[in-house]
Amino acid sequence: MEVGCFTGGDFAQNGYVVWCEATGQCVIVDPGAAALDMVGAVKAGAGELTAVLLTHAHLDHVEGLGVVRDYIDVPVYLHPADREMFDNVPTQAAMLGMACPELDPPDRELEDGVSFRFGDSVFKVIHTPGHSPGHVILYAEEDAVALVGDLVFAGSVGRTDLPGGDYQALFRSIREKVLTMPGETRLFTGHGPATTVEHERTTNPFLVPNYGGELA
Ligand SMILES: [Zn+2]
Ligand SMILES: [Zn+2]
């Protein structure tokens with residue numbers, strides 16, 4: 001598995017093209033402001049794009065969906081608990097004073113615990129509410145890779161003050177779904193640099209006092 005990161009927009013959002021190197025099949029995760037570059041990478045690598053997976057439905061993670069769909073019609077997956085937020089993208093854009101992209105609805109639902117295959121690569125879908133109700137992370141255990149969206153960042157955690165955010169749920173998701181992964185697992189985040197489980201477990205100021213601690 002090879003992970004390409006594409007950063008763009010006012011929020012410096014990270015979108016990803018994830019490749020199965022053996023077969024050339026690939027998926028796009030969170031097509032934001034850099035979607036055109038992501039499509040360019042798929043074309044340049046002669047990749048066979050099989051799907052678009054969304055970690056959650058915030059504007060900065062979905063605003064490039066139309067760009068991908070203009071290139072190729074592949075199914076778009078979102079957890080149903082974030083569907084309302086997806087349908088409210090025009091409101092999200094208005095609140096931020098941004099232009100609203102034209103977005104067709106997602107095609108299929110992501111479900112906790114299912115395996116998503118492309119080529120020889122597999123992502124396990126893990127529901128991790130807190131930053132948003134339908135937030136998911138994508139875990140490739142064999143490759144020691146996880147795409148964690150806006151759940152946790154290098155040295156920080158996802159905000160919970162937006163509609164649908166839940167502070168307790170966020171920390172529960174991080175503790176039970178991320179910190180339980182092997183320490184060497186690489187975490188590719190929705191904003192900022194990649195990190196590892198061990199690094200965040202031992203240095204993230206939001207997690208150190210809480211790890212194994214009393215906050216539920
Ligand atoms: Zn977000
Ligand atoms: Zn974000």
# chains A, B, ... in the order shown; residues from 1 in each chain; ligands from 1
>>> residues_near_ligand(ligand="ligand 2", cutoff="10 Å", atoms="only C-alpha atoms and all ligand atoms", output="PyMOL selection string")
chain A and resi 11-15+30+32+55-62+131+149-151+158-159+189-191
>>> residues_around(residues="A:Arg172", least_positions_apart="2", cutoff="10 Å", atoms="only C-alpha atoms", output="MDAnalysis selection string")
chainID A and resid 128:130 166:170 174:178 215:216
>>> write_last_selection(atoms="N, CA and C atoms", output="PDB file, in the first residue's frame")
ATOM      1  N   THR A 128     -15.842   6.115  14.410  1.00  0.00           N
ATOM      2  CA  THR A 128     -15.178   6.844  15.505  1.00  0.00           C
ATOM      3  C   THR A 128     -15.858   8.192  15.724  1.00  0.00           C
ATOM      4  N   PRO A 129     -17.062   8.196  16.302  1.00  0.00           N
ATOM      5  CA  PRO A 129     -17.772   9.469  16.506  1.00  0.00           C
ATOM      6  C   PRO A 129     -17.033  10.372  17.492  1.00  0.00           C
ATOM      7  N   GLY A 130     -17.379  11.647  17.464  1.00  0.00           N
ATOM      8  CA  GLY A 130     -16.770  12.619  18.378  1.00  0.00           C
ATOM      9  C   GLY A 130     -16.551  13.941  17.661  1.00  0.00           C
ATOM     10  N   ASP A 166     -18.842  15.818  19.948  1.00  0.00           N
ATOM     11  CA  ASP A 166     -19.058  15.233  21.280  1.00  0.00           C
ATOM     12  C   ASP A 166     -17.694  14.921  21.896  1.00  0.00           C
ATOM     13  N   TYR A 167     -17.319  15.731  22.893  1.00  0.00           N
ATOM     14  CA  TYR A 167     -15.995  15.638  23.510  1.00  0.00           C
ATOM     15  C   TYR A 167     -15.729  14.259  24.111  1.00  0.00           C
ATOM     16  N   GLN A 168     -16.693  13.756  24.893  1.00  0.00           N
ATOM     17  CA  GLN A 168     -16.493  12.444  25.529  1.00  0.00           C
ATOM     18  C   GLN A 168     -16.356  11.351  24.475  1.00  0.00           C
ATOM     19  N   ALA A 169     -17.207  11.426  23.449  1.00  0.00           N
ATOM     20  CA  ALA A 169     -17.154  10.406  22.393  1.00  0.00           C
ATOM     21  C   ALA A 169     -15.825  10.468  21.654  1.00  0.00           C
ATOM     22  N   LEU A 170     -15.296  11.671  21.448  1.00  0.00           N
ATOM     23  CA  LEU A 170     -14.023  11.829  20.738  1.00  0.00           C
ATOM     24  C   LEU A 170     -12.903  11.107  21.487  1.00  0.00           C
ATOM     25  N   ILE A 174     -10.712   7.828  20.363  1.00  0.00           N
ATOM     26  CA  ILE A 174      -9.248   7.823  20.270  1.00  0.00           C
ATOM     27  C   ILE A 174      -8.666   6.712  21.143  1.00  0.00           C
ATOM     28  N   ARG A 175      -9.165   6.626  22.379  1.00  0.00           N
ATOM     29  CA  ARG A 175      -8.593   5.659  23.306  1.00  0.00           C
ATOM     30  C   ARG A 175      -8.878   4.220  22.885  1.00  0.00           C
ATOM     31  N   GLU A 176     -10.112   3.967  22.458  1.00  0.00           N
ATOM     32  CA  GLU A 176     -10.499   2.581  22.194  1.00  0.00           C
ATOM     33  C   GLU A 176     -10.165   2.130  20.770  1.00  0.00           C
ATOM     34  N   LYS A 177     -10.115   3.062  19.822  1.00  0.00           N
ATOM     35  CA  LYS A 177      -9.942   2.660  18.426  1.00  0.00           C
ATOM     36  C   LYS A 177      -8.563   2.988  17.863  1.00  0.00           C
ATOM     37  N   VAL A 178      -7.890   3.987  18.401  1.00  0.00           N
ATOM     38  CA  VAL A 178      -6.579   4.380  17.860  1.00  0.00           C
ATOM     39  C   VAL A 178      -5.441   3.915  18.770  1.00  0.00           C
ATOM     40  N   LEU A 215     -10.914  10.002  32.457  1.00  0.00           N
ATOM     41  CA  LEU A 215     -11.875  10.607  31.544  1.00  0.00           C
ATOM     42  C   LEU A 215     -12.524   9.529  30.673  1.00  0.00           C
ATOM     43  N   ALA A 216     -13.836   9.420  30.757  1.00  0.00           N
ATOM     44  CA  ALA A 216     -14.535   8.341  30.033  1.00  0.00           C
ATOM     45  C   ALA A 216     -14.719   8.698  28.581  1.00  0.00           C
TER      46      ALA A 216
END
>>> residues_around(residues="A:Asp112", least_positions_apart="5", cutoff="8 Å", atoms="only C-alpha atoms", output="NGL selection string")
:A and (125-127 or 136)
>>> write_last_selection(atoms="C-alpha atoms", output="short mmCIF file (atom, residue, chain, number, x, y, z; two decimals), in the first residue's frame")
data_model
loop_
_atom_site.label_atom_id
_atom_site.label_comp_id
_atom_site.auth_asym_id
_atom_site.auth_seq_id
_atom_site.Cartn_x
_atom_site.Cartn_y
_atom_site.Cartn_z
CA VAL A 125 -13.87 0.75 8.42
CA ILE A 126 -14.05 1.83 12.06
CA HIS A 127 -16.78 4.18 13.29
CA VAL A 136 -14.86 6.86 10.44
#
>>> closest_residue(among="A:Glu63, A:Gly155, A:Ser173, A:Leu147", to="A:Thr185", atoms="only C-alpha atoms")
A:Leu147
>>> closest_residue(among="A:Gly8, A:Pro106, A:Gly24, A:Pro31", to="A:Ala44", atoms="only C-alpha atoms")
A:Gly24
>>> closest_residue(among="A:Asp82, A:Asp73, A:Glu48, A:Glu184", to="ligand 1", atoms="only C-alpha atoms and all ligand atoms")
A:Asp82
>>> select_by_dssp(residues="stretch 25-204 of chain A", states="alpha helix (DSSP H)", output="PyMOL selection string")
chain A and resi 35-44+59-62+65-71+83-87+89-95+167-173+197-203
>>> write_last_selection(atoms="N, CA and C atoms", output="CSV table (one decimal), in the first residue's frame")
chain,number,residue,atom,x,y,z
A,35,ALA,N,-8.4,18.3,-4.9
A,35,ALA,CA,-8.9,17.2,-5.6
A,35,ALA,C,-8.3,17.1,-7.0
A,36,LEU,N,-8.1,18.3,-7.7
A,36,LEU,CA,-7.6,18.2,-9.0
A,36,LEU,C,-6.2,17.6,-9.1
A,37,ASP,N,-5.4,17.9,-8.1
A,37,ASP,CA,-4.1,17.2,-8.0
A,37,ASP,C,-4.2,15.7,-7.8
A,38,MET,N,-5.2,15.3,-7.0
A,38,MET,CA,-5.4,13.9,-6.7
A,38,MET,C,-5.8,13.2,-8.0
A,39,VAL,N,-6.7,13.8,-8.7
A,39,VAL,CA,-7.1,13.2,-10.0
A,39,VAL,C,-5.9,13.1,-10.9
A,40,GLY,N,-5.1,14.2,-10.9
A,40,GLY,CA,-3.9,14.2,-11.8
A,40,GLY,C,-2.9,13.1,-11.4
A,41,ALA,N,-2.8,12.8,-10.1
A,41,ALA,CA,-1.9,11.7,-9.7
A,41,ALA,C,-2.5,10.3,-10.1
A,42,VAL,N,-3.8,10.2,-10.1
A,42,VAL,CA,-4.4,8.9,-10.5
A,42,VAL,C,-4.1,8.7,-12.0
A,43,LYS,N,-4.3,9.8,-12.8
A,43,LYS,CA,-4.1,9.7,-14.2
A,43,LYS,C,-2.6,9.4,-14.5
A,44,ALA,N,-1.7,10.2,-13.8
A,44,ALA,CA,-0.3,10.0,-14.1
A,44,ALA,C,0.2,8.6,-13.8
A,59,LEU,N,-17.2,20.3,5.1
A,59,LEU,CA,-17.0,20.9,3.8
A,59,LEU,C,-15.6,20.7,3.2
A,60,ASP,N,-14.5,20.9,4.1
A,60,ASP,CA,-13.2,20.9,3.6
A,60,ASP,C,-12.8,19.5,3.2
A,61,HIS,N,-13.5,18.4,3.6
A,61,HIS,CA,-13.2,17.1,3.2
A,61,HIS,C,-14.0,16.5,2.0
A,62,VAL,N,-15.0,17.3,1.6
A,62,VAL,CA,-15.9,16.8,0.5
A,62,VAL,C,-15.9,17.8,-0.7
A,65,LEU,N,-15.4,16.7,-4.4
A,65,LEU,CA,-16.1,15.5,-4.9
A,65,LEU,C,-16.5,15.7,-6.4
A,66,GLY,N,-17.0,16.9,-6.7
A,66,GLY,CA,-17.4,17.1,-8.1
A,66,GLY,C,-16.3,17.0,-9.1
A,67,VAL,N,-15.1,17.4,-8.6
A,67,VAL,CA,-13.9,17.3,-9.5
A,67,VAL,C,-13.6,15.8,-9.8
A,68,VAL,N,-13.7,15.0,-8.8
A,68,VAL,CA,-13.4,13.6,-9.0
A,68,VAL,C,-14.5,13.0,-9.9
A,69,ARG,N,-15.7,13.3,-9.6
A,69,ARG,CA,-16.9,12.8,-10.4
A,69,ARG,C,-16.8,13.2,-11.8
A,70,ASP,N,-16.3,14.4,-12.1
A,70,ASP,CA,-16.2,14.9,-13.5
A,70,ASP,C,-15.1,14.0,-14.2
A,71,TYR,N,-14.2,13.5,-13.5
A,71,TYR,CA,-13.1,12.6,-14.1
A,71,TYR,C,-13.6,11.2,-14.3
A,83,ARG,N,-24.7,11.8,7.1
A,83,ARG,CA,-25.4,12.2,5.9
A,83,ARG,C,-26.1,13.5,6.0
A,84,GLU,N,-26.7,13.8,7.2
A,84,GLU,CA,-27.4,15.1,7.4
A,84,GLU,C,-26.4,16.2,7.3
A,85,MET,N,-25.2,16.0,7.8
A,85,MET,CA,-24.1,17.0,7.7
A,85,MET,C,-23.7,17.2,6.2
A,86,PHE,N,-23.7,16.1,5.5
A,86,PHE,CA,-23.4,16.2,4.0
A,86,PHE,C,-24.5,17.1,3.3
A,87,ASP,N,-25.7,16.8,3.7
A,87,ASP,CA,-26.8,17.5,3.0
A,87,ASP,C,-26.8,19.0,3.4
A,89,VAL,N,-24.1,20.8,3.6
A,89,VAL,CA,-22.8,21.5,3.1
A,89,VAL,C,-23.1,22.9,2.7
A,90,PRO,N,-24.2,23.2,2.0
A,90,PRO,CA,-24.5,24.6,1.7
A,90,PRO,C,-24.5,25.5,2.9
A,91,THR,N,-25.1,25.0,4.0
A,91,THR,CA,-25.1,25.8,5.3
A,91,THR,C,-23.6,26.0,5.8
A,92,GLN,N,-22.9,24.9,5.8
A,92,GLN,CA,-21.5,24.9,6.2
A,92,GLN,C,-20.7,26.0,5.4
A,93,ALA,N,-20.9,26.0,4.1
A,93,ALA,CA,-20.2,27.0,3.3
A,93,ALA,C,-20.7,28.4,3.6
A,94,ALA,N,-22.0,28.6,3.8
A,94,ALA,CA,-22.5,29.9,4.1
A,94,ALA,C,-21.9,30.4,5.4
A,95,MET,N,-21.8,29.6,6.4
A,95,MET,CA,-21.3,30.0,7.7
A,95,MET,C,-19.8,30.4,7.6
A,167,TYR,N,-17.3,15.7,22.9
A,167,TYR,CA,-16.0,15.6,23.5
A,167,TYR,C,-15.7,14.3,24.1
A,168,GLN,N,-16.7,13.8,24.9
A,168,GLN,CA,-16.5,12.4,25.5
A,168,GLN,C,-16.4,11.4,24.5
A,169,ALA,N,-17.2,11.4,23.4
A,169,ALA,CA,-17.2,10.4,22.4
A,169,ALA,C,-15.8,10.5,21.7
A,170,LEU,N,-15.3,11.7,21.4
A,170,LEU,CA,-14.0,11.8,20.7
A,170,LEU,C,-12.9,11.1,21.5
A,171,PHE,N,-12.8,11.4,22.8
A,171,PHE,CA,-11.7,10.7,23.5
A,171,PHE,C,-11.9,9.2,23.7
A,172,ARG,N,-13.2,8.8,23.7
A,172,ARG,CA,-13.5,7.4,23.8
A,172,ARG,C,-13.0,6.7,22.4
A,173,SER,N,-13.3,7.4,21.3
A,173,SER,CA,-12.9,6.9,20.0
A,173,SER,C,-11.4,6.8,19.9
A,197,VAL,N,1.0,6.0,16.2
A,197,VAL,CA,0.3,5.7,17.4
A,197,VAL,C,1.2,5.9,18.6
A,198,GLU,N,2.4,5.4,18.6
A,198,GLU,CA,3.3,5.5,19.8
A,198,GLU,C,3.6,6.9,20.1
A,199,HIS,N,3.9,7.7,19.0
A,199,HIS,CA,4.3,9.1,19.2
A,199,HIS,C,3.1,9.9,19.9
A,200,GLU,N,1.9,9.6,19.5
A,200,GLU,CA,0.8,10.4,20.1
A,200,GLU,C,0.5,9.8,21.5
A,201,ARG,N,0.7,8.5,21.7
A,201,ARG,CA,0.4,8.0,23.0
A,201,ARG,C,1.4,8.5,24.0
A,202,THR,N,2.6,8.9,23.6
A,202,THR,CA,3.6,9.3,24.6
A,202,THR,C,3.8,10.8,24.6
A,203,THR,N,3.4,11.5,23.6
A,203,THR,CA,3.7,13.0,23.5
A,203,THR,C,2.5,13.9,23.3
>>> closest_residue(among="A:Glu21, A:Glu102, A:Glu142, A:Glu2", to="A:Gly119", atoms="only C-alpha atoms")
A:Glu21
>>> residues_around(residues="A:Val145", least_positions_apart="2", cutoff="8 Å", atoms="only C-alpha atoms", output="PyMOL selection string")
chain A and resi 139-143+147+185-188
>>> closest_residue(among="A:Phe206, A:Phe6, A:Trp19, A:Phe123", to="A:Gly64", atoms="only C-alpha atoms")
A:Phe6
>>> atom_distance(atom1="atom CA of A:Cys5", atom2="atom CA of A:Phe118")
18.0 Å
>>> closest_residue(among="A:Thr160, A:Gly97, A:Leu78, A:Ala144", to="A:Gly183", atoms="only C-alpha atoms")
A:Ala144
